Amino acid sequence: MGSDGIFYTNRRSFMKWSAILGSSFLGRNSVFKEIFIPYNPEKPQDNESKIIRTGCPAHNCGGRCLLKVHVKDGIITRIETDDRPGDDISDPQLRACIRGRSYRKRQYHPDRLKYPLKRTGKRGEGKFERITWDEAYEIMYNEISRVIKQYGNSAIFIPYGTGSYTNLNGRWPAVRLMNLLGGSLGYYNSYSWACTNIATPYVYGTLNTGNQRQDWLNSKYIIMWGWNPAEMKDGTNSEYFIRRARENGARTVCIDPRLSMSAIALADEWIPIRPGTDAAMMSAMAYVIITEKLTDDDFIRRCCSGYDSTQMPAGCENEESYKDYILGTRDGIPKTPEWAEKITAVPAATIARIAREYATIKPAVLYQGYGMQRRAYGEQTVRAGAALSAITGNIGIPGGWASGLGSQAGGEPFWSVFPSGENPVKARIPVYLWTEAIIRGKEMGPADGVRGVAKLDNNIKLIWCIASNILINQHSNINRTAAILRDENLVEFIAVQDNFLTPSAMFADLVLPACTQFETWGVEDGWKYGEEVFLTPKIVEPLYESKSDYRICADLAKRFGVWNEFTAGGRDEKAWAEWIIDEIYRKTRFPEMPAFRELEKSNAGVYVKPVSKPVVAFADFRKDPVKYPLKTPTGKIELFSKPLHEMNNPEIPAVPKYIQEWESPFGKEAEKYPLQAIGHHYMPRVHSTHFNNEWTSEAFPQVVFMNKADADKRKIKNGDIVKVFNDRGALVARCRVTSKIMPGVIDIPQGAWYMPDKEGIDRGGNINVLTTERWTALAKGNPQHTIMVEVEKFKG
Amino acid sequence: MPEYAFYINSSACSGCKTCQVACKDKNDLPTGVNWRRVYEIEGGGWKEENGVFVSQPYGYFLSLSCQNCENPECVKACPTTAMHVNASGIVAVDSELCIGCRYCSWACPYGAPQYDQAKKVMTKCNLCEDYLSIGTKPSCVMSCPMRALDFGTWEEITSKYGTGENVFPLPDPSQYKPGIVIKPHRNSAMTRNDKAYIAENEYK
Ligand code: SF4
Ligand code: SF4
Ligand code: SF4
């Protein structure tokens, strides 16, 4: 580490942040001294050490794990994990990862928000003063009332966010409160799965395309395409299930620009591929499978639509079928492995071999990771992968996999169960387009993906951002977003409610300190997979003046005179947890599970339903597609989609196609910015959560990963400080020169905290100063991995 | 024969460092003090031929703490007998006797003794002796999401897993007789003909 101190690989406090960034940003702000005093427990509550089992305060990591939390004198002293005996594959231990195990460093971080804060300087400048909760509520009440009166409820927006939340905390209670007050602007879709959420149903009519994961043990061949479960989780134990599948004889291949943790620990073979070209390799695989007659013809005939000219939907008989595209019948370009080799940088022979293996070593899984759909044409990748599953007939059988989103069939976890009520405002925007709704909301209609109304009747005027760093850190093109948020004529009031003064909170007019999930009651579900529900009890008291998200909203409800309705007659957090377990889970997903009181008394922390016979998605459909049709227009798997065809947009083809990205190594932009930059989900944090955790950051510091060939060209040595830039912005970070990433590609793990210096260069290493606000054609989703950049040694 | 042994399944290790942090949490270790350390080994390179990459970069991970050697160099190097083999056969530091001279950390070929700057004493993995005494496996072993670690007496571990193999970058074990049984990652074979390195050491 250099003596310049711009990196904090270890203990980073806001005091240090202010030192790093210079006085113009934070340094003159005396209030920080007062706010960031270290926690000093006042009154010990009890002397006995207790062990409480609970769910990890997970933050959208992709897993849900069990923690055994030791508490003494009201302080968490140790965090262990699931040690239930057995660890059988039907009910494996839910062992927490580094993020869960290092939670004490987040819980007792000296920078925890302690009091409500009011902005004193310019917006975004980060100057605040301490105020009382009474004053804070008064401001919230006045601003919400004013904006409703002046503009209407649709000018209020509660953004997407996955920070400190459970099924009871985070934004849900605020949505409930707003719905009682006339509603707020809604959104749909997510930043995680924008393209696959929208594209998968065009193929399958559902998002539940996944078998239960134990079924991977029945597979003989598994392609992990851009999928890195060892690092980003995608279900607690997903990586362990793959290990067990291999022990059962499955061969595993990982296709990824990076030699990822999963490529090392889980794969027999790693194939590096140029980012954004997956659909080209998939199409070439289809070419081999089709021309070598390795297709499952019976399955295609019975279950698919649009494969070739014999099965085109009515009215589209003369359109280009999937097979036409692959063979190049219409466009004159057969999608051969040689064609794809030039695009993907994967040798043609390798493409052909993987195609043959996938089509013949059955049953086979083609699992799509989500990074490759967070790209310019992410929708194409999702559909191209699904098409491979379909033409090889790897659908509806044990050990197979339909690809697409892959939410588990036969009992999807609940994403939200807190009853936030009906939103009287019918308008919903695509989640990624909220900055558009700030600057030109009133012009936005269905062409911008707006649902529920013909046109928005407002621009966003008030933002209440809860457990979310989307406001600045996680949204694309930070410099643009910052300029929009700084303009107080656009959004007139911003409240941020969180555990820390995050980069988003820096842009708040009012900061409300929320407590952590150890400090309130909650209920958590098993994320995308898993047959379990966690009860997360209140284990310690909220630190300082922080309060639960629910409590903050209930207090506000009182001011608005809707307390009785909001609390359903006086329920507190625990009463809601009880209601959720007893009235929702026991009446729907797990009728056999113990009642809340038993669950609480047992201190089990979790109820698990073992999976001994994993459900296979589409099994009925495969057997009898007429009797069990899909919810697509034809009832079949749609390789050609008539609804997409009718959109008549070259960026939304009716059959999945490889389309060169708008920023690409093949484009003119590569002359100025020759390197592709991706931002993978990094082990030490969940998006931006835990960026300030000293234990996880010590283990995995923020770096830019770069291949030696690219580094040599730029005279960059391992450990050098580098500047990464394009027309949208610049960041500075330490460079890790490695052989584990392909030449021409750099990786800036996403989620680092944005910390601009005086020149506006980000010193935190946040990739979003480089990403574009442009959205994908169909899903209106975030293409945050499609960017071109240049890197140089930093002279600063 | 060493008294105890860790089983380290490097072929299943994802390098997630959960074990490292589980240890820190149990033992309240500050930043910079890591009784268990996960090493990231990498090597190989890239070659471009006609626009495609024929490449063989490789990597694997190795999670190490204290190997509780039968011939502990750390004990031999300690001028004050602070580093000693305790009654349970565990190599341990007596912090009362430790003068912070760090000789043990130079002598140990595995980087196990970890100096605590604040306390000015040497510290190290104690095999979670308190857990062993109540019949629980060490914290690191219990933490591993990949189930890549195990612990027991040398007899237990070797009868379950054999004696394993020595892999880069570990020294020849015959001199120290460390209590570790390693199931190598297939990539560790690559290090025989190629100059591999520990990634972290190169840039931290
Ligand atoms: S995977 Fe998620 S839930 Fe599990 S320990 Fe890690 S952060 Fe927590
Ligand atoms: S045995 Fe205990 S002290 Fe030693 S490395 Fe493992 S967790 Fe740490
Ligand atoms: S917890 Fe297990 S998989 Fe993770 S680094 Fe340690 S030994 Fe490897």
# chains A, B, ... in the order shown; residues from 1 in each chain; ligands from 1

$ residues_near_ligand --ligand "ligand 1" --cutoff "6 Å" --atoms "only C-alpha atoms and all ligand atoms" --output "PyMOL selection string"
chain A and resi 56+58+61-65+96-97+99-100+233+236

$ residues_near_ligand --ligand "ligand 2" --cutoff "6 Å" --atoms "only C-alpha atoms and all ligand atoms" --output "mmCIF file with N, CA, C and O atoms, in the first residue's frame"
data_model
loop_
_atom_site.group_PDB
_atom_site.id
_atom_site.type_symbol
_atom_site.label_atom_id
_atom_site.label_comp_id
_atom_site.auth_asym_id
_atom_site.auth_seq_id
_atom_site.Cartn_x
_atom_site.Cartn_y
_atom_site.Cartn_z
ATOM 1 N N CYS B 23 -12.491 -17.650 12.004
ATOM 2 C CA CYS B 23 -11.429 -17.676 13.011
ATOM 3 C C CYS B 23 -11.259 -16.302 13.646
ATOM 4 O O CYS B 23 -11.157 -16.177 14.858
ATOM 5 N N TRP B 35 -4.993 -15.917 11.975
ATOM 6 C CA TRP B 35 -4.517 -17.226 12.404
ATOM 7 C C TRP B 35 -4.733 -18.258 11.303
ATOM 8 O O TRP B 35 -3.982 -19.185 11.158
ATOM 9 N N ARG B 36 -5.808 -18.068 10.551
ATOM 10 C CA ARG B 36 -5.981 -18.890 9.346
ATOM 11 C C ARG B 36 -5.901 -17.980 8.141
ATOM 12 O O ARG B 36 -6.436 -16.868 8.146
ATOM 13 N N SER B 65 -3.546 -22.792 8.594
ATOM 14 C CA SER B 65 -3.439 -22.090 9.886
ATOM 15 C C SER B 65 -2.117 -22.492 10.499
ATOM 16 O O SER B 65 -1.064 -22.226 9.931
ATOM 17 N N CYS B 125 -2.903 -19.649 16.004
ATOM 18 C CA CYS B 125 -3.971 -20.644 16.081
ATOM 19 C C CYS B 125 -3.704 -21.599 17.234
ATOM 20 O O CYS B 125 -2.594 -22.089 17.389
ATOM 21 N N ASN B 126 -4.737 -21.829 18.036
ATOM 22 C CA ASN B 126 -4.581 -22.769 19.146
ATOM 23 C C ASN B 126 -5.444 -24.004 18.931
ATOM 24 O O ASN B 126 -5.834 -24.677 19.877
ATOM 25 N N LEU B 127 -5.769 -24.274 17.682
ATOM 26 C CA LEU B 127 -6.622 -25.404 17.288
ATOM 27 C C LEU B 127 -8.006 -25.316 17.940
ATOM 28 O O LEU B 127 -8.695 -26.318 18.044
ATOM 29 N N CYS B 128 -8.390 -24.123 18.345
ATOM 30 C CA CYS B 128 -9.663 -23.971 19.059
ATOM 31 C C CYS B 128 -9.744 -25.002 20.194
ATOM 32 O O CYS B 128 -10.711 -25.768 20.291
ATOM 33 N N PRO B 138 -12.888 -27.345 15.268
ATOM 34 C CA PRO B 138 -12.505 -25.930 15.243
ATOM 35 C C PRO B 138 -13.452 -25.070 14.416
ATOM 36 O O PRO B 138 -14.109 -25.550 13.486
ATOM 37 N N SER B 139 -13.482 -23.813 14.761
ATOM 38 C CA SER B 139 -14.390 -22.863 14.133
ATOM 39 C C SER B 139 -14.226 -22.842 12.611
ATOM 40 O O SER B 139 -15.203 -22.849 11.865
ATOM 41 N N CYS B 140 -12.993 -22.831 12.142
ATOM 42 C CA CYS B 140 -12.734 -22.768 10.702
ATOM 43 C C CYS B 140 -13.327 -23.979 9.981
ATOM 44 O O CYS B 140 -13.942 -23.846 8.915
#

$ interface_residues --of "chain B" --to "chain A" --cutoff "9 Å" --atoms "only C-alpha atoms" --output "NGL selection string"
:B and (10-22 or 24-28 or 30-32 or 38 or 42-46 or 50-61 or 139 or 142-147 or 185 or 187 or 199 or 202-204)

$ residues_around --residues "Ser688 (chain A)" --least-positions-apart "4" --cutoff "7 Å" --atoms "only C-alpha atoms" --output "list of chain:residue names"
A:Gly751, A:Ala752, A:Trp753
